[in-house]
Every structure is written in C-alpha cells, then in structure tokens.
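Asker: Next comes the structure file target-v8.pdb, holding PDB, C-alpha atoms.
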ATOM      1  CA  MET A1350     -27.448-112.166 -74.952
ATOM      2  CA  TYR A1351     -27.885-111.826 -71.232
ATOM      3  CA  ASN A1352     -27.784-108.513 -69.445
ATOM      4  CA  TRP A1353     -25.426-109.485 -66.660
ATOM      5  CA  SER A1354     -25.670-106.123 -64.899
ATOM      6  CA  TRP A1355     -29.429-106.621 -64.509
ATOM      7  CA  TYR A1356     -28.870-110.167 -63.292
ATOM      8  CA  GLY A1357     -26.304-108.966 -60.727
ATOM      9  CA  ALA A1358     -28.652-106.300 -59.419
ATOM     10  CA  PHE A1359     -31.470-108.833 -59.123
ATOM     11  CA  SER A1360     -29.181-111.277 -57.330
ATOM     12  CA  ALA A1361     -28.094-108.580 -54.822
ATOM     13  CA  PHE A1362     -31.729-107.586 -54.276
ATOM     14  CA  TYR A1363     -32.665-111.236 -53.687
ATOM     15  CA  LEU A1364     -29.882-111.660 -51.140
ATOM     16  CA  PHE A1365     -30.970-108.426 -49.435
ATOM     17  CA  THR A1366     -34.615-109.437 -49.172
ATOM     18  CA  GLN A1367     -33.652-112.876 -47.862
ATOM     19  CA  GLN A1368     -31.265-111.287 -45.341
ATOM     20  CA  LYS A1369     -28.292-113.252 -46.709
ATOM     21  CA  LEU A1370     -25.960-110.332 -47.348
ATOM     22  CA  PRO A1371     -22.743-110.221 -45.314
ATOM     23  CA  ALA A1372     -23.465-108.291 -42.141
ATOM     24  CA  CYS A1373     -22.178-107.752 -38.656
ATOM     25  CA  LYS A1374     -24.195-109.906 -36.277
ATOM     26  CA  PRO A1375     -22.949-109.082 -32.784
ATOM     27  CA  VAL A1376     -23.833-111.595 -30.120
ATOM     28  CA  LEU A1377     -24.577-109.903 -26.797
ATOM     29  CA  THR A1378     -22.679-112.282 -24.606
ATOM     30  CA  PRO A1379     -22.668-111.695 -20.848
ATOM     31  CA  ALA A1380     -19.052-110.554 -21.040
ATOM     32  CA  TRP A1381     -19.897-107.846 -23.581
ATOM     33  CA  VAL A1382     -22.968-106.646 -21.660
ATOM     34  CA  ILE A1383     -21.176-106.542 -18.311
ATOM     35  CA  THR A1384     -18.174-104.739 -19.822
ATOM     36  CA  THR A1385     -20.431-102.141 -21.475
ATOM     37  CA  PHE A1386     -22.292-101.351 -18.250
ATOM     38  CA  LEU A1387     -19.053-101.169 -16.265
ATOM     39  CA  PHE A1388     -17.544 -98.832 -18.855
ATOM     40  CA  MET A1389     -20.599 -96.535 -18.753
ATOM     41  CA  GLY A1390     -20.505 -96.483 -14.965
ATOM     42  CA  THR A1391     -16.814 -95.608 -14.801
ATOM     43  CA  ILE A1392     -17.414 -92.724 -17.248
ATOM     44  CA  PHE A1393     -20.643 -91.290 -15.835
ATOM     45  CA  ILE A1394     -19.719 -91.281 -12.130
ATOM     46  CA  PRO A1395     -16.498 -89.202 -12.483
ATOM     47  CA  VAL A1396     -18.252 -86.782 -14.835
ATOM     48  CA  GLY A1397     -21.054 -86.433 -12.282
ATOM     49  CA  LEU A1398     -18.615 -85.781  -9.448
ATOM     50  CA  VAL A1399     -16.766 -83.111 -11.455
ATOM     51  CA  THR A1400     -20.071 -81.464 -12.441
ATOM     52  CA  LEU A1401     -21.352 -81.546  -8.871
ATOM     53  CA  ARG A1402     -18.105 -80.056  -7.576
ATOM     54  CA  ALA A1403     -18.334 -77.239 -10.126
ATOM     55  CA  SER A1404     -21.921 -76.531  -9.078
ATOM     56  CA  ARG A1405     -20.999 -76.479  -5.384
ATOM     57  CA  SER A1406     -18.179 -74.012  -6.090
ATOM     58  CA  VAL A1407     -20.733 -71.383  -7.168
ATOM     59  CA  VAL A1408     -21.482 -68.930  -4.352
ATOM     60  CA  GLU A1409     -25.154 -68.030  -4.156
ATOM     61  CA  ILE A1410     -27.156 -65.841  -1.783
ATOM     62  CA  VAL A1411     -30.957 -66.040  -1.794
ATOM     63  CA  ASP A1412     -33.070 -63.593   0.211
ATOM     64  CA  ARG A1413     -36.873 -63.694   0.264
ATOM     65  CA  TYR A1414     -38.219 -60.230   0.969
ATOM     66  CA  ASP A1415     -41.911 -60.125   0.011
ATOM     67  CA  ILE A1416     -43.124 -60.841   3.565
ATOM     68  CA  GLU A1417     -40.504 -58.918   5.555
ATOM     69  CA  CYS A1418     -40.959 -55.808   3.395
ATOM     70  CA  VAL A1419     -44.610 -55.392   4.376
ATOM     71  CA  PRO A1420     -45.014 -52.928   7.311
ATOM     72  CA  GLU A1421     -46.367 -54.428  10.505
ATOM     73  CA  PRO A1422     -49.751 -52.627  10.359
ATOM     74  CA  PHE A1423     -50.410 -54.222   6.935
ATOM     75  CA  LYS A1424     -49.315 -57.798   7.715
ATOM     76  CA  SER A1425     -52.945 -58.915   7.779
ATOM     77  CA  ASN A1426     -53.821 -57.037   4.574
ATOM     78  CA  LYS A1427     -50.858 -57.378   2.224
ATOM     79  CA  LEU A1428     -53.027 -56.973  -0.862
ATOM     80  CA  GLY A1429     -54.402 -53.659   0.353
ATOM     81  CA  TYR A1430     -50.865 -52.480   1.092
ATOM     82  CA  ILE A1431     -49.455 -53.288  -2.360
ATOM     83  CA  LYS A1432     -52.443 -51.739  -4.170
ATOM     84  CA  ASP A1433     -52.349 -48.472  -2.209
ATOM     85  CA  SER A1434     -50.245 -46.119  -4.343
ATOM     86  CA  SER A1435     -50.100 -43.533  -1.539
ATOM     87  CA  ILE A1436     -47.887 -45.797   0.581
ATOM     88  CA  VAL A1437     -44.159 -45.665  -0.103
ATOM     89  CA  LYS A1438     -42.907 -49.184  -0.818
ATOM     90  CA  ASN A1439     -39.248 -48.701   0.074
ATOM     91  CA  CYS A1440     -37.581 -51.422   2.125
ATOM     92  CA  SER A1441     -34.072 -52.125   3.441
ATOM     93  CA  ARG A1442     -32.471 -55.572   3.721
ATOM     94  CA  PHE A1443     -29.076 -56.649   5.012
ATOM     95  CA  ILE A1444     -27.239 -59.461   3.244
ATOM     96  CA  LYS A1445     -24.107 -61.059   4.666
ATOM     97  CA  VAL A1446     -21.565 -62.553   2.272
ATOM     98  CA  ASP A1447     -20.355 -65.871   3.714
ATOM     99  CA  LYS A1448     -17.751 -66.656   1.033
ATOM    100  CA  HIS A1449     -15.654 -64.597  -1.333
ATOM    101  CA  MET A1450     -17.638 -63.776  -4.467
ATOM    102  CA  LYS A1451     -15.625 -63.097  -7.588
ATOM    103  CA  ALA A1452     -16.923 -60.622 -10.165
ATOM    104  CA  PRO A1453     -19.053 -60.571 -12.169
ATOM    105  CA  ILE A1454     -21.779 -61.202  -9.604
ATOM    106  CA  TYR A1455     -25.151 -61.754 -11.247
ATOM    107  CA  ILE A1456     -28.287 -60.244  -9.743
ATOM    108  CA  TYR A1457     -31.543 -62.107 -10.323
ATOM    109  CA  TYR A1458     -35.092 -61.666  -9.126
ATOM    110  CA  GLN A1459     -36.907 -64.912  -8.498
ATOM    111  CA  LEU A1460     -40.660 -65.368  -8.620
ATOM    112  CA  ASP A1461     -42.431 -68.453  -7.277
ATOM    113  CA  ASN A1462     -45.964 -69.648  -8.014
ATOM    114  CA  TYR A1463     -46.051 -67.373 -11.071
ATOM    115  CA  TYR A1464     -47.388 -69.160 -14.143
ATOM    116  CA  GLN A1465     -45.918 -67.347 -17.122
ATOM    117  CA  ASN A1466     -46.624 -70.508 -19.116
ATOM    118  CA  HIS A1467     -50.408 -70.048 -18.909
ATOM    119  CA  ARG A1468     -51.831 -70.388 -22.422
ATOM    120  CA  ARG A1469     -53.732 -67.094 -22.454
ATOM    121  CA  TYR A1470     -50.796 -65.220 -20.927
ATOM    122  CA  VAL A1471     -48.231 -66.621 -23.376
ATOM    123  CA  LYS A1472     -50.390 -65.793 -26.410
ATOM    124  CA  SER A1473     -51.095 -62.221 -25.275
ATOM    125  CA  ARG A1474     -48.369 -60.504 -27.332
ATOM    126  CA  SER A1475     -47.629 -59.373 -30.878
ATOM    127  CA  ASP A1476     -44.145 -60.182 -32.129
ATOM    128  CA  GLN A1477     -44.756 -58.220 -35.326
ATOM    129  CA  GLN A1478     -45.716 -55.115 -33.368
ATOM    130  CA  LEU A1479     -42.595 -55.453 -31.199
ATOM    131  CA  LEU A1480     -40.540 -55.429 -34.384
ATOM    132  CA  HIS A1481     -42.478 -52.912 -36.534
ATOM    133  CA  GLY A1482     -44.373 -50.775 -33.995
ATOM    134  CA  LEU A1483     -47.493 -48.837 -34.978
ATOM    135  CA  GLY A1484     -47.016 -49.886 -38.597
ATOM    136  CA  TYR A1485     -48.492 -53.266 -37.685
ATOM    137  CA  ASN A1486     -52.188 -53.006 -36.858
ATOM    138  CA  ASN A1487     -53.275 -56.602 -36.269
ATOM    139  CA  THR A1488     -52.866 -56.827 -32.497
ATOM    140  CA  SER A1489     -55.897 -58.999 -31.758
ATOM    141  CA  PRO A1490     -53.753 -61.634 -29.945
ATOM    142  CA  CYS A1491     -52.904 -58.951 -27.353
ATOM    143  CA  LYS A1492     -56.394 -58.882 -25.858
ATOM    144  CA  PRO A1493     -57.316 -57.595 -23.345
ATOM    145  CA  GLU A1494     -54.344 -55.175 -23.416
ATOM    146  CA  GLN A1495     -54.332 -54.161 -27.085
ATOM    147  CA  SER A1496     -55.678 -50.610 -26.848
ATOM    148  CA  ASN A1497     -56.501 -47.912 -24.333
ATOM    149  CA  ASN A1498     -58.846 -44.946 -24.791
ATOM    150  CA  GLY A1499     -59.217 -45.886 -28.447
ATOM    151  CA  LEU A1500     -55.483 -45.776 -29.135
ATOM    152  CA  PRO A1501     -53.170 -48.746 -29.674
ATOM    153  CA  VAL A1502     -50.750 -49.767 -26.964
ATOM    154  CA  VAL A1503     -47.072 -50.421 -27.755
ATOM    155  CA  PRO A1504     -45.995 -52.924 -26.554
ATOM    156  CA  CYS A1505     -49.363 -54.607 -26.268
ATOM    157  CA  GLY A1506     -50.405 -57.728 -24.398
ATOM    158  CA  LEU A1507     -50.506 -59.098 -20.879
ATOM    159  CA  ILE A1508     -46.834 -60.062 -20.798
ATOM    160  CA  ALA A1509     -45.587 -56.512 -21.345
ATOM    161  CA  TRP A1510     -48.367 -55.071 -19.161
ATOM    162  CA  SER A1511     -47.226 -57.203 -16.193
ATOM    163  CA  LEU A1512     -43.563 -56.144 -16.434
ATOM    164  CA  PHE A1513     -41.672 -56.618 -13.154
ATOM    165  CA  ASN A1514     -41.071 -53.283 -11.411
ATOM    166  CA  ASP A1515     -39.183 -53.896  -8.164
ATOM    167  CA  THR A1516     -35.843 -52.060  -8.048
ATOM    168  CA  TYR A1517     -32.654 -52.675  -6.066
ATOM    169  CA  LYS A1518     -29.690 -50.603  -4.892
ATOM    170  CA  PHE A1519     -26.670 -52.099  -3.152
ATOM    171  CA  ILE A1520     -24.438 -50.342  -0.628
ATOM    172  CA  ARG A1521     -21.239 -51.731   0.929
ATOM    173  CA  GLY A1522     -19.971 -49.626   3.774
ATOM    174  CA  THR A1523     -20.379 -46.039   2.667
ATOM    175  CA  SER A1524     -20.154 -46.585  -1.099
ATOM    176  CA  GLU A1525     -22.828 -47.735  -3.511
ATOM    177  CA  LEU A1526     -22.088 -50.775  -5.647
ATOM    178  CA  LYS A1527     -22.627 -49.998  -9.298
ATOM    179  CA  VAL A1528     -25.014 -52.336 -11.086
ATOM    180  CA  ASN A1529     -24.425 -52.851 -14.807
ATOM    181  CA  ARG A1530     -27.804 -53.320 -16.469
ATOM    182  CA  LYS A1531     -26.518 -53.474 -20.039
ATOM    183  CA  ASN A1532     -26.336 -56.677 -22.086
ATOM    184  CA  ILE A1533     -28.627 -58.607 -19.752
ATOM    185  CA  ALA A1534     -30.849 -59.713 -22.657
ATOM    186  CA  TRP A1535     -30.007 -62.074 -25.491
ATOM    187  CA  LYS A1536     -28.304 -60.312 -28.378
ATOM    188  CA  SER A1537     -30.530 -62.152 -30.872
ATOM    189  CA  ASP A1538     -33.608 -60.756 -29.116
ATOM    190  CA  ARG A1539     -32.266 -57.206 -29.158
ATOM    191  CA  ASP A1540     -31.283 -57.357 -32.823
ATOM    192  CA  TYR A1541     -34.085 -59.355 -34.415
ATOM    193  CA  LYS A1542     -37.171 -59.362 -32.174
ATOM    194  CA  PHE A1543     -37.440 -55.788 -30.904
ATOM    195  CA  GLY A1544     -37.388 -52.852 -33.296
ATOM    196  CA  LYS A1545     -34.629 -50.275 -33.110
ATOM    197  CA  HIS A1546     -37.101 -47.579 -34.213
ATOM    198  CA  VAL A1547     -40.105 -48.771 -32.197
ATOM    199  CA  TYR A1548     -40.926 -46.677 -29.133
ATOM    200  CA  PRO A1549     -43.421 -47.277 -26.299
ATOM    201  CA  PHE A1550     -46.755 -45.633 -26.988
ATOM    202  CA  ASN A1551     -49.806 -45.258 -24.723
ATOM    203  CA  PHE A1552     -48.262 -47.836 -22.374
ATOM    204  CA  GLN A1553     -49.603 -48.194 -18.797
ATOM    205  CA  ASN A1554     -51.916 -45.209 -19.304
ATOM    206  CA  GLY A1555     -55.084 -47.015 -18.234
ATOM    207  CA  THR A1556     -56.794 -47.049 -14.872
ATOM    208  CA  LEU A1557     -55.377 -50.484 -14.033
ATOM    209  CA  ILE A1558     -51.580 -50.482 -13.901
ATOM    210  CA  GLY A1559     -49.996 -53.886 -14.271
ATOM    211  CA  GLY A1560     -46.291 -53.311 -13.644
ATOM    212  CA  ALA A1561     -43.393 -51.121 -14.667
ATOM    213  CA  LYS A1562     -43.649 -48.191 -17.030
ATOM    214  CA  LEU A1563     -41.335 -47.702 -20.007
ATOM    215  CA  ASP A1564     -39.414 -44.629 -21.124
ATOM    216  CA  PRO A1565     -41.187 -43.464 -24.320
ATOM    217  CA  SER A1566     -37.945 -41.919 -25.620
ATOM    218  CA  VAL A1567     -35.997 -45.221 -25.585
ATOM    219  CA  PRO A1568     -36.562 -47.775 -28.382
ATOM    220  CA  LEU A1569     -37.735 -51.245 -27.446
ATOM    221  CA  SER A1570     -34.425 -52.774 -28.551
ATOM    222  CA  ASP A1571     -32.747 -50.868 -25.695
ATOM    223  CA  GLN A1572     -35.417 -51.651 -23.086
ATOM    224  CA  GLU A1573     -33.568 -54.709 -21.821
ATOM    225  CA  ASP A1574     -35.752 -55.177 -18.725
ATOM    226  CA  LEU A1575     -38.694 -55.648 -21.061
ATOM    227  CA  ILE A1576     -36.781 -57.984 -23.389
ATOM    228  CA  VAL A1577     -35.753 -60.220 -20.480
ATOM    229  CA  TRP A1578     -39.314 -60.280 -19.131
ATOM    230  CA  MET A1579     -40.867 -61.064 -22.515
ATOM    231  CA  ARG A1580     -38.927 -64.338 -22.724
ATOM    232  CA  THR A1581     -41.519 -66.252 -20.708
ATOM    233  CA  ALA A1582     -40.564 -69.023 -18.308
ATOM    234  CA  ALA A1583     -41.676 -72.632 -18.669
ATOM    235  CA  LEU A1584     -42.018 -73.337 -14.933
ATOM    236  CA  PRO A1585     -43.898 -71.533 -12.138
ATOM    237  CA  SER A1586     -40.630 -70.807 -10.288
ATOM    238  CA  PHE A1587     -38.112 -68.865 -12.334
ATOM    239  CA  ARG A1588     -35.308 -66.344 -12.201
ATOM    240  CA  LYS A1589     -34.644 -63.434 -14.500
ATOM    241  CA  LEU A1590     -31.449 -61.423 -14.774
ATOM    242  CA  TYR A1591     -31.604 -57.932 -13.274
ATOM    243  CA  GLY A1592     -27.988 -56.831 -13.659
ATOM    244  CA  ARG A1593     -24.361 -57.467 -12.689
ATOM    245  CA  ILE A1594     -22.058 -56.221  -9.937
ATOM    246  CA  GLU A1595     -18.632 -55.987 -11.523
ATOM    247  CA  GLU A1596     -16.463 -55.946  -8.428
ATOM    248  CA  ASP A1597     -15.557 -58.658  -5.931
ATOM    249  CA  LEU A1598     -17.344 -59.125  -2.630
ATOM    250  CA  ASP A1599     -15.223 -60.351   0.276
ATOM    251  CA  ALA A1600     -16.230 -62.857   2.905
ATOM    252  CA  ASP A1601     -18.089 -61.300   5.887
ATOM    253  CA  ASP A1602     -19.062 -58.223   3.860
ATOM    254  CA  VAL A1603     -22.485 -56.863   4.812
ATOM    255  CA  ILE A1604     -24.480 -55.458   1.901
ATOM    256  CA  LEU A1605     -27.327 -53.039   2.457
ATOM    257  CA  VAL A1606     -30.047 -53.504  -0.147
ATOM    258  CA  ASN A1607     -32.473 -50.637  -0.638
ATOM    259  CA  LEU A1608     -35.364 -51.950  -2.681
ATOM    260  CA  MET A1609     -38.779 -50.844  -3.837
ATOM    261  CA  ASN A1610     -41.372 -53.521  -3.126
ATOM    262  CA  ASN A1611     -43.749 -52.525  -5.932
ATOM    263  CA  TYR A1612     -44.675 -55.768  -7.656
ATOM    264  CA  ASN A1613     -47.903 -57.456  -6.624
ATOM    265  CA  THR A1614     -47.456 -61.169  -5.906
ATOM    266  CA  TYR A1615     -49.773 -61.175  -2.893
ATOM    267  CA  SER A1616     -52.988 -61.554  -4.886
ATOM    268  CA  PHE A1617     -52.008 -65.058  -6.057
ATOM    269  CA  GLY A1618     -49.788 -66.260  -3.201
ATOM    270  CA  GLY A1619     -46.519 -65.693  -5.029
ATOM    271  CA  LYS A1620     -43.067 -65.204  -3.551
ATOM    272  CA  LYS A1621     -40.305 -62.745  -4.395
ATOM    273  CA  LYS A1622     -36.622 -63.393  -3.822
ATOM    274  CA  LEU A1623     -33.405 -61.527  -4.511
ATOM    275  CA  VAL A1624     -30.537 -63.732  -5.701
ATOM    276  CA  LEU A1625     -26.827 -62.906  -5.917
ATOM    277  CA  SER A1626     -24.740 -65.540  -7.663
ATOM    278  CA  THR A1627     -21.333 -66.121  -9.182
ATOM    279  CA  SER A1628     -20.794 -68.414 -12.166
ATOM    280  CA  ASN A1629     -18.226 -70.780 -13.654
ATOM    281  CA  TRP A1630     -17.755 -72.934 -16.774
ATOM    282  CA  LEU A1631     -20.936 -74.831 -15.883
ATOM    283  CA  GLY A1632     -23.038 -71.704 -15.415
ATOM    284  CA  GLY A1633     -24.953 -71.042 -12.205
ATOM    285  CA  LYS A1634     -25.623 -73.314  -9.254
ATOM    286  CA  ASN A1635     -27.449 -76.452 -10.384
ATOM    287  CA  ASP A1636     -26.856 -79.771  -8.634
ATOM    288  CA  PHE A1637     -29.353 -81.702 -10.762
ATOM    289  CA  LEU A1638     -26.975 -82.439 -13.638
ATOM    290  CA  GLY A1639     -24.276 -83.816 -11.335
ATOM    291  CA  PHE A1640     -26.725 -86.000  -9.426
ATOM    292  CA  ALA A1641     -28.198 -87.243 -12.723
ATOM    293  CA  TYR A1642     -24.783 -88.377 -13.985
ATOM    294  CA  ILE A1643     -23.988 -90.070 -10.673
ATOM    295  CA  TYR A1644     -27.385 -91.801 -10.609
ATOM    296  CA  VAL A1645     -27.018 -93.148 -14.156
ATOM    297  CA  GLY A1646     -23.445 -94.283 -13.515
ATOM    298  CA  SER A1647     -24.383 -95.980 -10.242
ATOM    299  CA  SER A1648     -27.325 -97.702 -11.940
ATOM    300  CA  CYS A1649     -24.993 -99.059 -14.641
ATOM    301  CA  ILE A1650     -22.581-100.413 -12.018
ATOM    302  CA  PHE A1651     -25.479-102.008 -10.137
ATOM    303  CA  VAL A1652     -26.837-103.672 -13.292
ATOM    304  CA  ALA A1653     -23.341-104.936 -14.137
ATOM    305  CA  VAL A1654     -22.984-106.517 -10.676
ATOM    306  CA  VAL A1655     -26.413-108.155 -11.013
ATOM    307  CA  PHE A1656     -25.450-109.588 -14.409
ATOM    308  CA  ILE A1657     -22.164-110.887 -12.987
ATOM    309  CA  LEU A1658     -24.005-112.720 -10.202
ATOM    310  CA  LEU A1659     -26.531-114.161 -12.644
ATOM    311  CA  HIS A1660     -23.772-115.223 -15.026
ATOM    312  CA  ILE A1661     -21.956-117.084 -12.245
ATOM    313  CA  LYS A1662     -25.074-118.999 -11.162
ATOM    314  CA  ILE A1663     -26.461-119.841 -14.649
ATOM    315  CA  ARG A1664     -24.975-122.430 -16.972
ATOM    316  CA  PRO A1665     -22.201-121.200 -19.288
ATOM    317  CA  TYR A1666     -23.202-119.417 -22.469
ATOM    318  CA  PRO A1667     -22.711-121.570 -25.616
ATOM    319  CA  ASP A1668     -19.648-120.960 -27.742
ATOM    320  CA  THR A1669     -20.457-118.525 -30.519
ATOM    321  CA  PRO A1670     -18.820-120.644 -33.269
ATOM    322  CA  CYS A1671     -21.340-123.378 -32.505
ATOM    323  CA  VAL A1672     -24.482-121.356 -33.029
ATOM    324  CA  SER A1673     -26.467-122.105 -36.159
ATOM    325  CA  TRP A1674     -25.784-118.907 -38.056
ATOM    326  CA  ASN A1675     -22.042-119.304 -37.687
ATOM    327  CA  LYS A1676     -21.930-122.898 -38.918
ATOM    328  CA  LYS A1677     -20.453-123.354 -42.336
ATOM    329  CA  GLY A1678     -21.827-125.529 -45.052
ATOM    330  CA  ILE A1679     -25.530-124.883 -44.420
ATOM    331  CA  SER A1680     -27.398-126.317 -47.353
ATOM    332  CA  ASN A1681     -29.202-123.950 -49.671
TER     333      ASN A1681
END
Spell out the structure here as structure tokens.
Answerer:
Amino acid sequence: MYNWSWYGAFSAFYLFTQQKLPACKPVLTPAWVITTFLFMGTIFIPVGLVTLRASRSVVEIVDRYDIECVPEPFKSNKLGYIKDSSIVKNCSRFIKVDKHMKAPIYIYYQLDNYYQNHRRYVKSRSDQQLLHGLGYNNTSPCKPEQSNNGLPVVPCGLIAWSLFNDTYKFIRGTSELKVNRKNIAWKSDRDYKFGKHVYPFNFQNGTLIGGAKLDPSVPLSDQEDLIVWMRTAALPSFRKLYGRIEEDLDADDVILVNLMNNYNTYSFGGKKKLVLSTSNWLGGKNDFLGFAYIYVGSSCIFVAVVFILLHIKIRPYPDTPCVSWNKKGISN
C-alpha cells in the first residue's frame, strides 16, 4: 500500500527544487519601471520640502567666543593665558536676537576639532565604577587617570577628567534670564548608568587639572553636566546641551552673556561656540535631511525621464503573453 502523504511531499519538493511551483514572476516592463521612479520622486520631493521648511523655521544663534575672549596682551600667547590660573577668565558678549524665539530656548556649547572619538579617550572610563562607586576596584581602563596620591579617583578616566567647565549667564535689560539645568541628560543614563549613591571622590585633586570640578556632596546621578559630557561624540565637531531658557525672546532683543572662558581648546587648535536654538517637531536646525530627500526624489525623476526617452527610441518591448514562460502547453 502506497504512502500517498510521502509521495505528495516528495512531489512538492521535486517541484520546488525544479522551480516549477506557482509563483509571482513580475516582468519589469518599461512602464512599470518608469511609474515606480515617478512615484518615488513625487513622494520624496514634497517630503524633502516640508522637512527643509521645518528646519529653516528653527531660529538659531551661534557665537564663537574663544578668540574674542582672550585679552589683547595675550593674543599672541593664548595657551599661556588659559593655563595661568591667576588671570580671571571672565568675558562679556552681546548677542542680538534677529527673530522671535519661542521658549524653551536650548543652550548648547559647541566644540570644533575636538576628537572625543579617539580610541584611547573613549576607553578611558569605568562604567561599573560610575554605577557602583568605590565598591568596584578594577579601574585599569581609566589609565592614566585612575588614581591620585595612592587613592582611587571617582569618576576615573580621561573623559571625566576633561569635563567642560565654561559657564554662562544671560541678562536681558536689567534682569537675569534663568537657565534651567535640570533634565538635560538622558533619563536612562541618570537611572541606569550613574549610581544614586555614588559620590565624587579624590576628583581633580592632582597637580594637572583637566576641566571642571564636581561637588562631592552630590551623587553622580544628579551631576547632569558630567552625564551629558560622558556621552562621547562621534564627530570632531559636536554640541552638548548646557541648559534651557524657559521664556520667549523677542526680535531685536540684546542679550548680555557673562561667561567664564576656562576651558582649554587653544593647545590643539579647537574652537568654542555658544549656541541658542529653538526646536520643533523635527528637532533642531538640520538642513541635511531635507536636501537628502530632495536629492533622492530629483534623481528618481531624472532616471524616469531618461527611461522614457530610451523607451521612445528603442523598439517596443515584446508582449508579456508571448514570452516563453507564459506560453501554455510546454512539453514536460
């Protein structure tokens, strides 16, 4: 007695291996190809225009201050100026608001020619120590900033040691604009990467000071400046969030910025900029995405036009019912 189920399975397998099973075999005719490219173009170009318009609606002010905030006698020796702790580094800048800026207004500091993605720099940290503090002793990846005077450093590593330490105050007219510096770091970082009971210890107590100091009475999970800085950037030019101004700025307002020019970017030819920016559904100002959509859409339209011209000049495409795989009655 035959096992018909086995025979049916074998027959289906045979048809599969011989590619004789019923299947969709689309034929890419010129009409289909041209229609597809035209459809993609008509979708991508409007999306690009909307995205570009949203980006252009963001109001952004960028002010580079690292050169102007060096006193005239030290213009020829900027490195000596920034390393001399006896010189007060205060500086005043005036920023004019050209367009109305709706709150919240985000404050960023921007660093150029700063390679946070350098392999040795990126590895110089201990995530376990950031989470567990002095209870975690294996801080060898933090070299050369793992200990000082025989005592461990919390947080250890070059990233924490080089923490940005310029400060900003904003004054409009006679009143100071309040800067909200809470919730500037990712909530996941505050909750899961930095310990709520881990406090700075023996930090920036060496002879060579890298950047900002930390309050030893505040746990790392609340040191949001540090948390923002520890999320290293992938490119040599980057921005990091400093705070938010939670009131509107009107057009033609003049903002006085009192800043402390403490951070050393002169030794490696870096630049420092202060950025004020609004935001919308797209985020901050970024024209790249809009231009990318427009470029792809325009390319699709161009390819469609080329195919149309080629299709007109070349002989007609054969009727699909006449091709060999659509003919009926092919002998087995």
Asker: Rounded to one decimal, what separation in Å do you get between CA of Ser1441 in chain A and CA of Ser1586 in chain A?
Answerer: 24.1 Å
Asker: Under the rule that all atoms listed in the file are counted, which of A:Asp1412, A:Glu1573, A:Glu1421, A:Asp1433 is the nearest residue to Asn1613 in chain A?
Answerer: A:Asp1433
Asker: Using all atoms listed in the file, which residues of range 1546-1659 of chain A come within 9 Å of range 1496-1505 of chain A, and what is the closest atom pair for each, with the distance in Å to one decimal? Give it as a Markdown table, sorted by chain and residue number.
Answerer:
| residue | atom | partner | partner_atom | distance |
| --- | --- | --- | --- | --- |
| A:Val1547 | CA | A:Val1503 | CA | 8.4 |
| A:Tyr1548 | CA | A:Val1503 | CA | 7.3 |
| A:Pro1549 | CA | A:Val1503 | CA | 5.0 |
| A:Phe1550 | CA | A:Val1503 | CA | 4.9 |
| A:Asn1551 | CA | A:Val1502 | CA | 5.1 |
| A:Phe1552 | CA | A:Val1502 | CA | 5.6 |
| A:Gln1553 | CA | A:Val1502 | CA | 8.4 |
| A:Asn1554 | CA | A:Asn1497 | CA | 7.3 |
| A:Gly1555 | CA | A:Asn1497 | CA | 6.3 |
| A:Leu1569 | CA | A:Pro1504 | CA | 8.5 |
Asker: Can you give me, as a PyMOL selection string, the residues this file yields under the PyMOL selection byres ((chain A and resi 1628) around 12)?
Answerer: chain A and resi 1403-1409+1450-1456+1593+1625-1627+1629-1635
Asker: Between CA of Cys1418 in chain A and CA of Asn1610 in chain A, what is the distance, to one decimal in Å?
Answerer: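 Result for CA of Cys1418 in chain A versus CA of Asn1610 in chain A: 6.9 Å, one decimal.
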Asker: I need the output of the PyMOL selection byres ((chain A and resi 1558-1565) around 6) for this file as JSON, numbers by chain; which residues are they?
Answerer: {"A": [1510, 1511, 1512, 1513, 1514, 1548, 1549, 1553, 1557, 1566, 1567]}
Asker: Which of these, A:Glu1494, A:Asp1447, A:Asp1599, A:Asp1540, has the shortest distance to Pro1568 in chain A once you count only C-alpha atoms?
Answerer: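 The shortest atom-to-atom distance to Pro1568 in chain A comes from A:Asp1540.
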Asker: To one decimal place in Å, what is the distance between CA of Tyr1470 in chain A and CA of Leu1507 in chain A?
Answerer: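 Those two atoms sit 6.1 Å apart.
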